[in-house]
Structure formats: structure tokens, C-alpha cells
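Colleague: Below is the file my_file.cif, with mmCIF, C-alpha atoms and all ligand atoms.
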```cif
data_data
#
loop_
_atom_site.label_atom_id
_atom_site.label_comp_id
_atom_site.auth_asym_id
_atom_site.auth_seq_id
_atom_site.Cartn_x
_atom_site.Cartn_y
_atom_site.Cartn_z
CA MET I 27 3.94 -25.78 -23.96
CA LYS I 28 4.00 -22.22 -25.11
CA LEU I 29 2.78 -20.13 -22.18
CA LEU I 30 1.78 -16.51 -21.72
CA ILE I 31 2.13 -15.01 -18.25
CA THR I 32 0.65 -11.54 -17.85
CA GLY I 33 1.95 -9.38 -15.01
CA VAL I 34 5.29 -11.20 -15.05
CA ALA I 35 7.14 -8.31 -13.36
CA GLY I 36 4.61 -8.45 -10.53
CA PHE I 37 4.92 -10.26 -7.22
CA ILE I 38 2.95 -13.38 -8.18
CA GLY I 39 3.87 -13.34 -11.91
CA HIS I 40 7.58 -13.41 -11.10
CA ALA I 41 7.12 -16.35 -8.71
CA VAL I 42 4.99 -18.31 -11.18
CA ALA I 43 7.48 -17.74 -14.03
CA LYS I 44 10.33 -18.98 -11.82
CA ARG I 45 8.32 -22.01 -10.72
CA LEU I 46 7.55 -22.93 -14.36
CA SER I 47 11.02 -22.25 -15.71
CA GLY I 48 13.17 -25.30 -16.43
CA GLN I 49 10.13 -27.53 -17.09
CA GLY I 50 10.49 -27.58 -20.87
CA HIS I 51 8.06 -24.73 -21.61
CA GLU I 52 8.51 -21.65 -23.75
CA ILE I 53 7.33 -18.71 -21.62
CA LEU I 54 6.54 -15.18 -22.71
CA GLY I 55 5.84 -12.69 -19.95
CA ILE I 56 4.21 -9.30 -20.47
CA ASP I 57 3.84 -6.33 -18.13
CA ASN I 58 3.36 -2.59 -18.53
CA LEU I 59 5.69 -1.82 -15.57
CA ASN I 60 3.29 0.79 -14.22
CA GLU I 61 4.19 3.07 -11.32
CA TYR I 62 1.62 1.86 -8.77
CA TYR I 63 4.65 0.97 -6.64
CA ASP I 64 8.43 1.18 -6.97
CA VAL I 65 9.24 0.26 -10.58
CA SER I 66 12.81 -0.68 -9.62
CA LEU I 67 11.39 -3.65 -7.68
CA LYS I 68 9.53 -4.79 -10.81
CA GLN I 69 12.72 -4.33 -12.83
CA ALA I 70 14.69 -6.29 -10.22
CA ARG I 71 12.21 -9.18 -10.53
CA LEU I 72 12.72 -9.11 -14.32
CA ASP I 73 16.51 -9.05 -13.81
CA ASP I 74 16.11 -12.08 -11.54
CA LEU I 75 14.18 -13.84 -14.35
CA ALA I 76 16.85 -12.94 -16.93
CA ALA I 77 18.78 -16.02 -15.76
CA CYS I 78 15.88 -18.19 -17.00
CA GLU I 79 16.58 -18.84 -20.69
CA ASP I 80 13.05 -20.10 -21.31
CA VAL I 81 11.42 -16.84 -20.12
CA ARG I 82 11.22 -13.84 -22.46
CA PHE I 83 9.80 -10.43 -21.60
CA LEU I 84 7.73 -7.98 -23.63
CA LYS I 85 6.58 -4.62 -22.32
CA LEU I 86 2.90 -4.37 -23.22
CA ASP I 87 -0.23 -2.86 -21.72
CA LEU I 88 -3.25 -5.16 -21.44
CA ALA I 89 -5.47 -2.24 -22.39
CA ASP I 90 -3.67 -1.87 -25.77
CA ARG I 91 -6.27 -3.60 -27.90
CA GLU I 92 -4.25 -3.79 -31.14
CA GLY I 93 -1.05 -4.73 -29.32
CA MET I 94 -2.79 -7.56 -27.46
CA ALA I 95 -4.51 -8.84 -30.62
CA ALA I 96 -1.16 -8.81 -32.47
CA LEU I 97 0.54 -10.64 -29.59
CA PHE I 98 -1.98 -13.49 -29.65
CA ALA I 99 -1.96 -13.67 -33.45
CA GLU I 100 1.85 -13.89 -33.58
CA GLN I 101 2.57 -16.16 -30.65
CA ARG I 102 -0.17 -18.81 -30.57
CA PHE I 103 -0.03 -19.72 -26.89
CA ASP I 104 -1.15 -23.12 -25.67
CA ARG I 105 -2.12 -21.87 -22.22
CA VAL I 106 -2.44 -18.45 -20.60
CA ILE I 107 -1.80 -17.43 -16.99
CA HIS I 108 -3.36 -14.01 -16.59
CA LEU I 109 -2.12 -12.26 -13.45
CA ALA I 110 -1.68 -8.63 -14.56
CA ALA I 111 -4.18 -6.28 -12.94
CA GLN I 112 -4.43 -3.13 -10.97
CA ALA I 113 -4.25 -4.64 -7.50
CA GLY I 114 -4.99 -3.04 -4.13
CA VAL I 115 -8.28 -2.40 -2.36
CA ARG I 116 -7.56 1.06 -0.95
CA TYR I 117 -6.14 2.53 -4.15
CA SER I 118 -9.41 1.67 -5.94
CA LEU I 119 -11.09 4.42 -3.89
CA GLU I 120 -8.48 6.94 -5.08
CA ASN I 121 -8.05 6.04 -8.72
CA PRO I 122 -11.03 3.95 -9.89
CA HIS I 123 -10.51 4.45 -13.63
CA VAL I 124 -7.23 2.60 -13.75
CA TYR I 125 -9.13 -0.47 -12.45
CA ALA I 126 -11.53 -0.23 -15.38
CA ASP I 127 -8.62 0.04 -17.85
CA SER I 128 -6.46 -2.81 -16.55
CA ASN I 129 -9.00 -5.12 -14.95
CA LEU I 130 -12.02 -4.80 -17.23
CA LEU I 131 -10.75 -3.70 -20.66
CA GLY I 132 -7.46 -5.57 -20.07
CA HIS I 133 -9.28 -8.76 -19.07
CA LEU I 134 -11.52 -8.48 -22.14
CA ASN I 135 -8.46 -8.18 -24.39
CA VAL I 136 -7.03 -11.36 -22.84
CA LEU I 137 -10.33 -13.19 -23.32
CA GLU I 138 -10.51 -12.03 -26.94
CA GLY I 139 -6.96 -13.23 -27.55
CA CYS I 140 -7.86 -16.62 -26.05
CA ARG I 141 -10.95 -16.79 -28.25
CA GLN I 142 -9.10 -15.89 -31.46
CA GLN I 143 -6.43 -18.50 -30.82
CA GLY I 144 -8.56 -21.17 -29.15
CA VAL I 145 -6.17 -21.62 -26.21
CA GLU I 146 -6.33 -24.90 -24.26
CA HIS I 147 -6.72 -23.24 -20.86
CA LEU I 148 -6.94 -19.76 -19.38
CA VAL I 149 -6.04 -19.45 -15.70
CA TYR I 150 -6.65 -15.98 -14.28
CA ALA I 151 -6.32 -14.18 -10.96
CA SER I 152 -9.40 -13.35 -8.98
CA SER I 153 -9.30 -12.40 -5.31
CA SER I 154 -10.60 -13.23 -1.85
CA SER I 155 -11.97 -9.68 -1.85
CA VAL I 156 -14.92 -10.92 -3.95
CA TYR I 157 -16.33 -12.37 -0.69
CA GLY I 158 -17.02 -8.76 0.39
CA MET I 159 -19.78 -8.69 3.02
CA ASN I 160 -19.99 -12.50 3.33
CA ASP I 161 -19.84 -13.57 6.96
CA LYS I 162 -20.10 -17.36 6.64
CA THR I 163 -16.64 -18.79 7.19
CA PRO I 164 -14.61 -20.33 5.78
CA PHE I 165 -15.31 -18.65 2.44
CA ALA I 166 -16.19 -21.24 -0.19
CA THR I 167 -16.41 -20.87 -3.97
CA SER I 168 -19.91 -22.38 -3.69
CA ASP I 169 -21.03 -19.29 -1.70
CA SER I 170 -22.67 -16.49 -3.67
CA VAL I 171 -20.54 -13.34 -3.83
CA ASP I 172 -22.86 -10.50 -4.72
CA HIS I 173 -21.88 -7.90 -2.11
CA PRO I 174 -18.44 -6.48 -2.94
CA VAL I 175 -17.23 -3.55 -0.80
CA SER I 176 -14.59 -2.06 -3.11
CA LEU I 177 -14.38 -1.34 -6.82
CA TYR I 178 -11.32 -3.60 -6.92
CA ALA I 179 -13.46 -6.51 -5.66
CA ALA I 180 -16.20 -5.64 -8.15
CA THR I 181 -13.72 -5.80 -11.06
CA LYS I 182 -12.46 -9.19 -9.86
CA LYS I 183 -16.00 -10.54 -9.64
CA ALA I 184 -16.61 -9.05 -13.11
CA ASN I 185 -13.54 -10.96 -14.35
CA GLU I 186 -15.15 -14.21 -13.23
CA LEU I 187 -18.43 -13.34 -14.97
CA MET I 188 -16.66 -12.32 -18.18
CA ALA I 189 -14.60 -15.52 -18.14
CA HIS I 190 -17.75 -17.59 -17.60
CA THR I 191 -19.38 -15.91 -20.59
CA TYR I 192 -16.42 -16.61 -22.89
CA SER I 193 -16.19 -20.12 -21.56
CA HIS I 194 -19.86 -20.68 -22.36
CA LEU I 195 -19.92 -18.93 -25.74
CA TYR I 196 -16.62 -20.11 -27.19
CA GLY I 197 -15.78 -23.21 -25.15
CA ILE I 198 -12.62 -21.68 -23.66
CA PRO I 199 -11.66 -23.68 -20.55
CA ALA I 200 -11.24 -20.98 -17.89
CA THR I 201 -10.15 -21.30 -14.27
CA GLY I 202 -10.41 -18.39 -11.82
CA LEU I 203 -8.18 -18.37 -8.75
CA ARG I 204 -9.20 -16.40 -5.69
CA PHE I 205 -5.91 -15.62 -3.97
CA PHE I 206 -5.91 -14.85 -0.23
CA THR I 207 -3.51 -12.12 1.07
CA VAL I 208 -0.26 -13.26 -0.50
CA TYR I 209 3.08 -12.46 1.15
CA GLY I 210 6.70 -13.54 0.90
CA PRO I 211 10.03 -12.66 -0.76
CA TRP I 212 9.78 -10.15 -3.63
CA GLY I 213 6.43 -9.05 -2.15
CA ARG I 214 4.41 -5.92 -2.76
CA PRO I 215 5.38 -2.71 -0.92
CA ASP I 216 1.71 -1.73 -0.44
CA MET I 217 0.92 -4.86 1.58
CA ALA I 218 1.04 -5.48 5.34
CA MET I 219 4.08 -7.77 5.65
CA PHE I 220 6.22 -5.36 3.62
CA LYS I 221 4.99 -2.22 5.42
CA PHE I 222 5.29 -3.79 8.88
CA THR I 223 8.81 -5.06 8.24
CA ARG I 224 9.95 -1.71 6.89
CA ALA I 225 8.47 0.18 9.86
CA ILE I 226 9.76 -2.25 12.51
CA LEU I 227 13.31 -2.27 11.09
CA ALA I 228 13.29 1.55 10.85
CA GLY I 229 11.93 1.91 14.41
CA GLU I 230 8.89 3.74 13.06
CA PRO I 231 5.22 3.28 14.05
CA LEU I 232 3.09 0.98 11.91
CA GLN I 233 -0.58 1.58 11.22
CA VAL I 234 -2.81 -1.16 12.64
CA PHE I 235 -6.28 -0.91 11.18
CA ASN I 236 -9.53 -1.69 12.98
CA HIS I 237 -7.48 -1.49 16.20
CA GLY I 238 -5.97 -4.90 15.38
CA GLU I 239 -9.40 -6.61 15.31
CA MET I 240 -8.90 -8.24 11.94
CA SER I 241 -7.80 -11.58 10.64
CA ARG I 242 -6.47 -12.67 7.30
CA ASP I 243 -5.79 -15.99 5.69
CA PHE I 244 -2.17 -15.08 4.87
CA THR I 245 -0.79 -17.25 2.08
CA TYR I 246 2.89 -17.75 1.29
CA ILE I 247 4.01 -16.94 -2.26
CA ASP I 248 5.47 -20.39 -3.05
CA ASP I 249 2.14 -21.97 -2.07
CA ILE I 250 0.37 -19.60 -4.46
CA ALA I 251 2.80 -20.38 -7.32
CA GLU I 252 2.36 -24.11 -6.71
CA GLY I 253 -1.42 -23.69 -6.70
CA VAL I 254 -1.28 -21.83 -10.03
CA VAL I 255 0.87 -24.52 -11.63
CA ARG I 256 -1.31 -27.35 -10.29
CA THR I 257 -4.54 -25.76 -11.51
CA LEU I 258 -3.01 -24.96 -14.91
CA ALA I 259 -2.74 -28.73 -15.40
CA VAL I 260 -6.41 -29.37 -14.53
CA ILE I 261 -8.42 -28.27 -17.56
CA PRO I 262 -12.11 -27.87 -16.69
CA ALA I 263 -14.53 -29.88 -18.84
CA ALA I 264 -17.97 -28.91 -20.11
CA ASP I 265 -20.93 -30.64 -18.44
CA PRO I 266 -23.97 -30.63 -20.75
CA GLU I 267 -26.11 -32.24 -18.01
CA TRP I 268 -25.54 -29.33 -15.61
CA ARG I 269 -28.56 -27.21 -14.69
CA ALA I 270 -28.39 -23.88 -12.87
CA SER I 271 -31.28 -24.92 -10.62
CA HIS I 272 -29.10 -27.69 -9.15
CA GLY I 273 -25.59 -26.26 -9.46
CA GLY I 274 -23.81 -23.69 -7.32
CA PRO I 275 -22.00 -20.50 -8.37
CA ASP I 276 -18.73 -22.40 -8.91
CA SER I 277 -20.07 -24.95 -11.38
CA SER I 278 -21.45 -24.64 -14.88
CA SER I 279 -22.31 -26.43 -18.09
CA ALA I 280 -19.39 -24.44 -19.54
CA PRO I 281 -15.77 -25.57 -19.04
CA TYR I 282 -15.37 -23.23 -16.10
CA ALA I 283 -13.82 -23.62 -12.65
CA LEU I 284 -13.12 -21.47 -9.60
CA TYR I 285 -10.77 -22.18 -6.70
CA ASN I 286 -9.69 -20.47 -3.54
CA ILE I 287 -5.94 -20.49 -3.01
CA GLY I 288 -5.42 -19.64 0.63
CA HIS I 289 -3.60 -21.19 3.56
CA GLY I 290 -6.92 -22.22 5.09
CA SER I 291 -6.30 -20.83 8.59
CA PRO I 292 -6.95 -17.20 9.50
CA VAL I 293 -4.31 -15.36 11.55
CA GLY I 294 -5.19 -12.42 13.79
CA LEU I 295 -3.52 -9.17 12.83
CA MET I 296 -1.75 -8.89 16.20
CA ASP I 297 -0.41 -12.48 15.85
CA PHE I 298 0.79 -11.56 12.39
CA ILE I 299 2.64 -8.55 13.82
CA ARG I 300 4.16 -10.84 16.47
CA ALA I 301 5.45 -13.12 13.70
CA VAL I 302 7.14 -10.14 12.02
CA GLU I 303 8.57 -9.03 15.39
CA ALA I 304 10.00 -12.51 15.95
CA ALA I 305 11.48 -12.59 12.46
CA THR I 306 13.08 -9.14 12.80
CA GLY I 307 14.04 -9.51 16.45
CA LYS I 308 12.57 -6.06 17.12
CA GLU I 309 9.42 -4.75 18.74
CA ALA I 310 6.68 -2.97 16.77
CA ILE I 311 5.37 0.46 17.68
CA CYS I 312 1.64 0.18 16.91
CA ASP I 313 -0.44 3.14 15.79
CA TYR I 314 -4.03 1.89 16.15
CA GLN I 315 -6.40 3.18 13.48
CA PRO I 316 -10.11 2.66 12.64
CA MET I 317 -11.34 0.30 9.93
CA GLN I 318 -10.52 1.52 6.41
CA PRO I 319 -13.26 1.95 3.82
CA GLY I 320 -13.30 -0.96 1.38
CA ASP I 321 -11.67 -3.34 3.88
CA VAL I 322 -13.23 -6.49 5.34
CA PRO I 323 -12.71 -7.69 8.94
CA ARG I 324 -11.75 -11.27 8.13
CA THR I 325 -10.89 -13.69 5.35
CA TRP I 326 -10.62 -17.46 5.52
CA ALA I 327 -10.30 -19.81 2.56
CA ASP I 328 -12.11 -23.10 2.23
CA THR I 329 -9.53 -25.10 0.25
CA GLU I 330 -11.52 -28.33 -0.20
CA ALA I 331 -12.29 -27.68 -3.89
CA LEU I 332 -8.62 -26.96 -4.63
CA PHE I 333 -7.57 -30.11 -2.80
CA ALA I 334 -10.18 -32.25 -4.55
CA ALA I 335 -9.05 -31.01 -7.98
CA THR I 336 -5.28 -30.94 -7.48
CA GLY I 337 -4.43 -32.95 -4.35
CA TYR I 338 -2.70 -29.80 -3.10
CA ARG I 339 -3.15 -27.44 -0.18
CA PRO I 340 -0.96 -24.50 0.82
CA ARG I 341 1.43 -25.45 3.60
CA VAL I 342 3.73 -22.67 4.82
CA LYS I 343 2.81 -21.25 8.24
CA VAL I 344 3.04 -17.53 8.86
CA GLU I 345 5.97 -17.76 11.34
CA GLU I 346 8.10 -19.56 8.74
CA GLY I 347 6.87 -17.30 5.92
CA ALA I 348 7.65 -14.15 7.93
CA ARG I 349 11.17 -15.45 8.63
CA ARG I 350 11.77 -16.08 4.90
CA PHE I 351 10.33 -12.68 3.97
CA VAL I 352 12.45 -10.75 6.48
CA GLU I 353 15.56 -12.62 5.35
CA TRP I 354 14.85 -11.60 1.74
CA TYR I 355 13.98 -8.01 2.73
CA ARG I 356 17.21 -7.54 4.68
CA GLY I 357 19.27 -8.93 1.81
CA TYR I 358 17.46 -6.96 -0.88
CA TYR I 359 17.58 -3.60 0.90
CA GLY I 360 20.84 -4.23 2.75
CA VAL I 361 19.32 -3.42 6.18
N1 LIG L 401 -0.98 -10.27 -3.78
C1 LIG L 401 -2.18 -10.59 -3.29
O1 LIG L 401 -2.35 -10.71 -2.05
C2 LIG L 401 -3.35 -10.83 -4.20
C3 LIG L 401 -4.55 -11.26 -3.61
C4 LIG L 401 -5.64 -11.48 -4.44
C5 LIG L 401 -5.54 -11.33 -5.81
N2 LIG L 401 -4.37 -10.90 -6.34
C6 LIG L 401 -4.32 -10.73 -7.81
O2 LIG L 401 -3.20 -11.46 -8.28
C7 LIG L 401 -2.66 -10.80 -9.43
C8 LIG L 401 -1.19 -10.50 -9.23
O3 LIG L 401 -1.07 -9.68 -8.07
P1 LIG L 401 0.35 -9.23 -7.49
O4 LIG L 401 0.23 -9.24 -6.00
O5 LIG L 401 1.43 -9.99 -8.16
O6 LIG L 401 0.34 -7.69 -7.93
P2 LIG L 401 1.48 -6.85 -8.67
O7 LIG L 401 0.97 -5.45 -8.73
O8 LIG L 401 2.79 -7.07 -8.00
O9 LIG L 401 1.53 -7.50 -10.10
C9 LIG L 401 0.67 -7.12 -11.16
C10 LIG L 401 1.55 -6.78 -12.35
O10 LIG L 401 0.68 -6.45 -13.43
C11 LIG L 401 1.19 -5.33 -14.08
N3 LIG L 401 0.08 -4.63 -14.71
C12 LIG L 401 -0.92 -3.93 -14.10
N4 LIG L 401 -1.74 -3.39 -15.01
C13 LIG L 401 -1.27 -3.77 -16.22
C14 LIG L 401 -1.69 -3.53 -17.55
N5 LIG L 401 -2.74 -2.76 -17.83
N6 LIG L 401 -0.96 -4.07 -18.56
C15 LIG L 401 0.12 -4.84 -18.31
N7 LIG L 401 0.58 -5.09 -17.07
C16 LIG L 401 -0.11 -4.56 -16.04
C17 LIG L 401 1.87 -4.48 -13.02
O11 LIG L 401 2.89 -3.65 -13.55
C18 LIG L 401 2.44 -5.55 -12.09
O12 LIG L 401 3.79 -5.85 -12.38
C19 LIG L 401 -3.53 -9.57 -9.64
O13 LIG L 401 -4.52 -9.88 -10.58
C20 LIG L 401 -4.13 -9.32 -8.28
O14 LIG L 401 -5.35 -8.61 -8.38
C21 LIG L 401 -3.27 -10.65 -5.58
#
```
Since I need it in another form, could you write the structure as C-alpha cells?
Ligand SMILES: NC(=O)c1ccc[n+]([C@@H]2O[C@H](COP(=O)([O-])OP(=O)(O)OC[C@H]3O[C@@H](n4cnc5c(N)ncnc54)[C@H](O)[C@@H]3O)[C@@H](O)[C@H]2O)c1
Modeller:
Amino acid sequence: MKLLITGVAGFIGHAVAKRLSGQGHEILGIDNLNEYYDVSLKQARLDDLAACEDVRFLKLDLADREGMAALFAEQRFDRVIHLAAQAGVRYSLENPHVYADSNLLGHLNVLEGCRQQGVEHLVYASSSSVYGMNDKTPFATSDSVDHPVSLYAATKKANELMAHTYSHLYGIPATGLRFFTVYGPWGRPDMAMFKFTRAILAGEPLQVFNHGEMSRDFTYIDDIAEGVVRTLAVIPAADPEWRASHGGPDSSSAPYALYNIGHGSPVGLMDFIRAVEAATGKEAICDYQPMQPGDVPRTWADTEALFAATGYRPRVKVEEGARRFVEWYRGYYGV
């Protein structure tokens, strides 16, 4: 197949491209290499992908309407894996407009490209943050998600609504994936595992929000990549018999699907720190802080729908994942 991966220089995009390489596909990856975090890490991921002969790279901004239209017109992709976005909950309080550019306008440009070319399947990244104020656990895609607590979450929920609309209007099979706190080798410097490892190895204090009273359904990167590849193969079908009065938020008459991809077992923040301590062999100096605006106290993925559709559930436990991350981190930074 001819595949487009957006955000290929990103944490998840890089892992998905590597997982799909060598399977007989022709893969084009795009990314705008923005400076939200260290661009040299994005470049290093691209250098790592340079060994894959079936992966090509093009620097392109999702918000470039003409550029995106030309890309779709020239390339004629069979399937699209759309991962590029402005990520990060906290940064969306500082710089909201960049979320509108990349996540709303950018998503629209991807949907338009899919419409023009009639792609077989669009798989796109949503986020566990759409669950916002929900307090019923585990979080299920059949739960309504109408109370986001950050602009980031609101753009991800908007992505699902926009995809549903295009799926309904133009029959584009679209699958949204709500990822739960992803970590692992080549990870993002703005996320907990990365920050904690850096601080612990440097003997510096690490900020522990909500005084450690938080839990997250931490999900290992290889499990995420596997989930993306599995769901790419399951093209949602239209269901003309479906009625909104009987169906939940994750079903439709349109060829539209939503899945959580999370480990399925929440880990307390202090247990998470202990896993990083064990992996580094050093003790953390904790600087306890209040809850951050935009944050949620817990996340927990219900993975039944993913398992029913793909026969797959994430597997890697946080102790093992932390060990693999720290091993990569030490090698990459030479510390
Ligand atoms: N990592 C997580 O824990 C997590 C959790 C939930 C959802 N997600 C979502 O998964 C996707 C991938 O996340 P990630 O962790 O790999 O983040 P990332 O920031 O490492 O990767 C995103 C990539 O997209 C690129 N990008 C951003 N805006 C762009 C634009 N306008 N045009 C072209 N490229 C652009 C960035 O340069 C980056 O390389 C995102 O949609 C994110 O919102 C991630």
C-alpha cells in the first residue's frame, strides 16, 4: 500500500513508520519539524528512519492548504495515518493559537485530502485527554466526552467530530485512536518519563504534581505502534440500520470507529517514579507541587473495544518499559 504518515519525525510517528517498514509498503512521512521541543531529537528520529528504504520524508506543514492539496493530488495514498499535531496539555494554556493551526486547520486539510483522493482508510490520533472531567472508570469510548478541561483536549474532540462529519458526508472510513500517556525510547522531552529520568540522573529535583495523588494509564510506545498498525487493517463499515437513539457516541451509520489505546491499568504517580528509580538505580528528589490547570487526576483505558476489533491489547508493564526507556536515554545522551 501507499501510506502517508503525518508527524513522522514525532515520537509516535517515528515508531509507527519503523513498525510498518519492511512490510512491502511505500511510505511517505511528513512533518514541519517545529520547535515545540528539541528539533535535534526529531532530526535524529528521521536519521534513524533513513535506513528504511521504503520510508521517504517531506518537510510540510499541515496548515499549508495548497501544499497539502498538492501532496494528496500527486501521491494518491491508499491509507493515511495522521499523527501530526500540536501535543501537550499545559502548552495549550500558553500558546492556544498554534493548536488551532495544527490541530483544527491541519486536521481539516488532511480530511480534505482524503476526500479528494477517496482514501481507503484514515486513522488519526485523538487523546485520552478528551475524557476531561469524566469520573467513571475505566474510560470507555461509549462514554460521552463533553467536558474537556484544556484547549488541547477540545481540539482532539473536535478532530473526532470533524472526522465523523467527513465520514458521514463522503463515506471516508475514519478511525480515531485515543492514546493514553505514551512513553518509551525516543520519547518526548515534555513528558513525565523523560523529565523524571533527566532529573534523577542529574541529581536534580523533579516536580511531582498534585502532591503525587495522580494516576495514569501509561502505555509503552511499541504497544501504541502495534495498536495503530492493527487498527489500520480494520476498516470501519457503514451501518445504514444504525439509529442515534440506540447507538452510543462511538458508533454511527457512517464508516466511523473510535478506540482507546492504553495499557488498561492505571499506575500511581509515586509508583511510576519508583519504576524510574529502579531503572536508573538512583533515588528521586521530589518537589511536590499542586495540581496544574488543564490536568486531570486519573486516566484509565477500557480496551475491550480495541480487543474486540483487533484481538490485541497493550502488554508492556511500566517496570519493563521504564527499564527500556532509561537504557535508550543513557545511550542517546551518553549519560
Ligand atoms: N504521546 C502521548 O502520550 C500522546 C497521548 C495522546 C495523544 N497523542 C497524540 O498522538 C500524536 C503524536 O504525538 P507524539 O507524542 O508523537 O507528539 P510529537 O510532538 O512527538 O509528534 C508530533 C509531530 O507532529 C509534528 N507537527 C506538529 N504540528 C505540525 C504541523 N502543523 N505540520 C506538520 N507537522 C506537525 C511535530 O513536529 C512532531 O514531530 C499527536 O496527535 C498527539 O496529540 C499523543
Colleague: Could you list, as number ranges by chain, all residues that come within 6 Å of ligand LIG 401 (chain L)? Count all atoms listed in the file.
Modeller: I: 33, 35-39, 57-60, 86-89, 109-113, 128, 132, 151-154, 205-208, 214
Colleague: Neighbouring residues of Phe220 in chain I were defined as those with any atom within 10 Å, considering all atoms listed in the file; residues of the same chain fewer than 5 positions away were excluded. Please report them as a ChimeraX atom specification.
Modeller: /I:209-215,225,302,348,351-352,355
Colleague: Choose the residue, out of I:Phe235, I:Tyr314, I:Tyr196, I:Tyr157, that has the smallest atom-to-atom separation from Val175 in chain I; count all atoms listed in the file.
Modeller: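 Answer, going by the shortest atom-to-atom distance: I:Tyr157.
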Colleague: Nearest to Leu332 in chain I among I:Ala310, I:Ile299, I:Met317, I:Leu258, with distances taken over all atoms listed in the file: which residue is it?
Modeller: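 The answer is I:Leu258, which sits nearest to Leu332 in chain I.
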Colleague: Would you list the residues near (12.7, -14.9, -18.5) (no more than 8 Å away, in the coordinates of the file, using only C-alpha atoms) as a PyMOL selection string?
Modeller: chain I and resi 43+53-55+72+75-83
Colleague: Using only C-alpha atoms, which of I:Tyr178, I:Tyr192, I:Trp326, I:Tyr62 sits nearest Thr163 in chain I?
Modeller: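 Nearest to Thr163 in chain I: I:Trp326.
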Colleague: When you draw a straight line from CA of Ile311 in chain I to CA of Met296 in chain I, how long is it in Å?
Modeller: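 We find that CA of Ile311 in chain I and CA of Met296 in chain I lie 11.8 Å from each other.
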Colleague: Could you check which of I:Gly197, I:His40, I:Ser47, I:Phe165 is closest to Gln69 in chain I, using all atoms listed in the file?
Modeller: I:His40
Colleague: Give me the residues near Thr336 in chain I as a ChimeraX atom specification, where near means some atom within 9 Å (using only C-alpha atoms) and where sequence neighbours in that chain fewer than 4 positions away do not count.
Modeller: /I:253,256-257,259-260,331-332
Colleague: Let me make sure I understand: among I:Gly114, I:Pro199, I:Gly294, I:Pro323, which one has the smallest atom-to-atom distance to Thr181 in chain I if we use all atoms listed in the file?
Modeller: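 For Thr181 in chain I, the nearest of the candidates is I:Gly114.
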Colleague: Residues near Phe222 in chain I, anyone? I mean within 10 Å using all atoms listed in the file, not counting same-chain ones fewer than 4 positions away, as number ranges by chain.
Modeller: I: 215, 217-218, 226-228, 230-234, 298-299, 302-303, 310-312
Colleague: When distances are computed from all atoms listed in the file, which of I:Ser279, I:Thr325, I:Ser291, I:Asn160 shows the smallest separation from Glu267 in chain I?
Modeller: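 Counting all atoms listed in the file, the residue closest to Glu267 in chain I is I:Ser279.
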Colleague: At what distance in Å, to one decimal, does CA of Val115 in chain I lie from CA of Lys308 in chain I?
Modeller: 28.8 Å
Colleague: How many Å separate CA of Glu346 in chain I from CA of Thr329 in chain I?
Modeller: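 So the two atoms, CA of Glu346 in chain I and CA of Thr329 in chain I, lie 20.3 Å apart.
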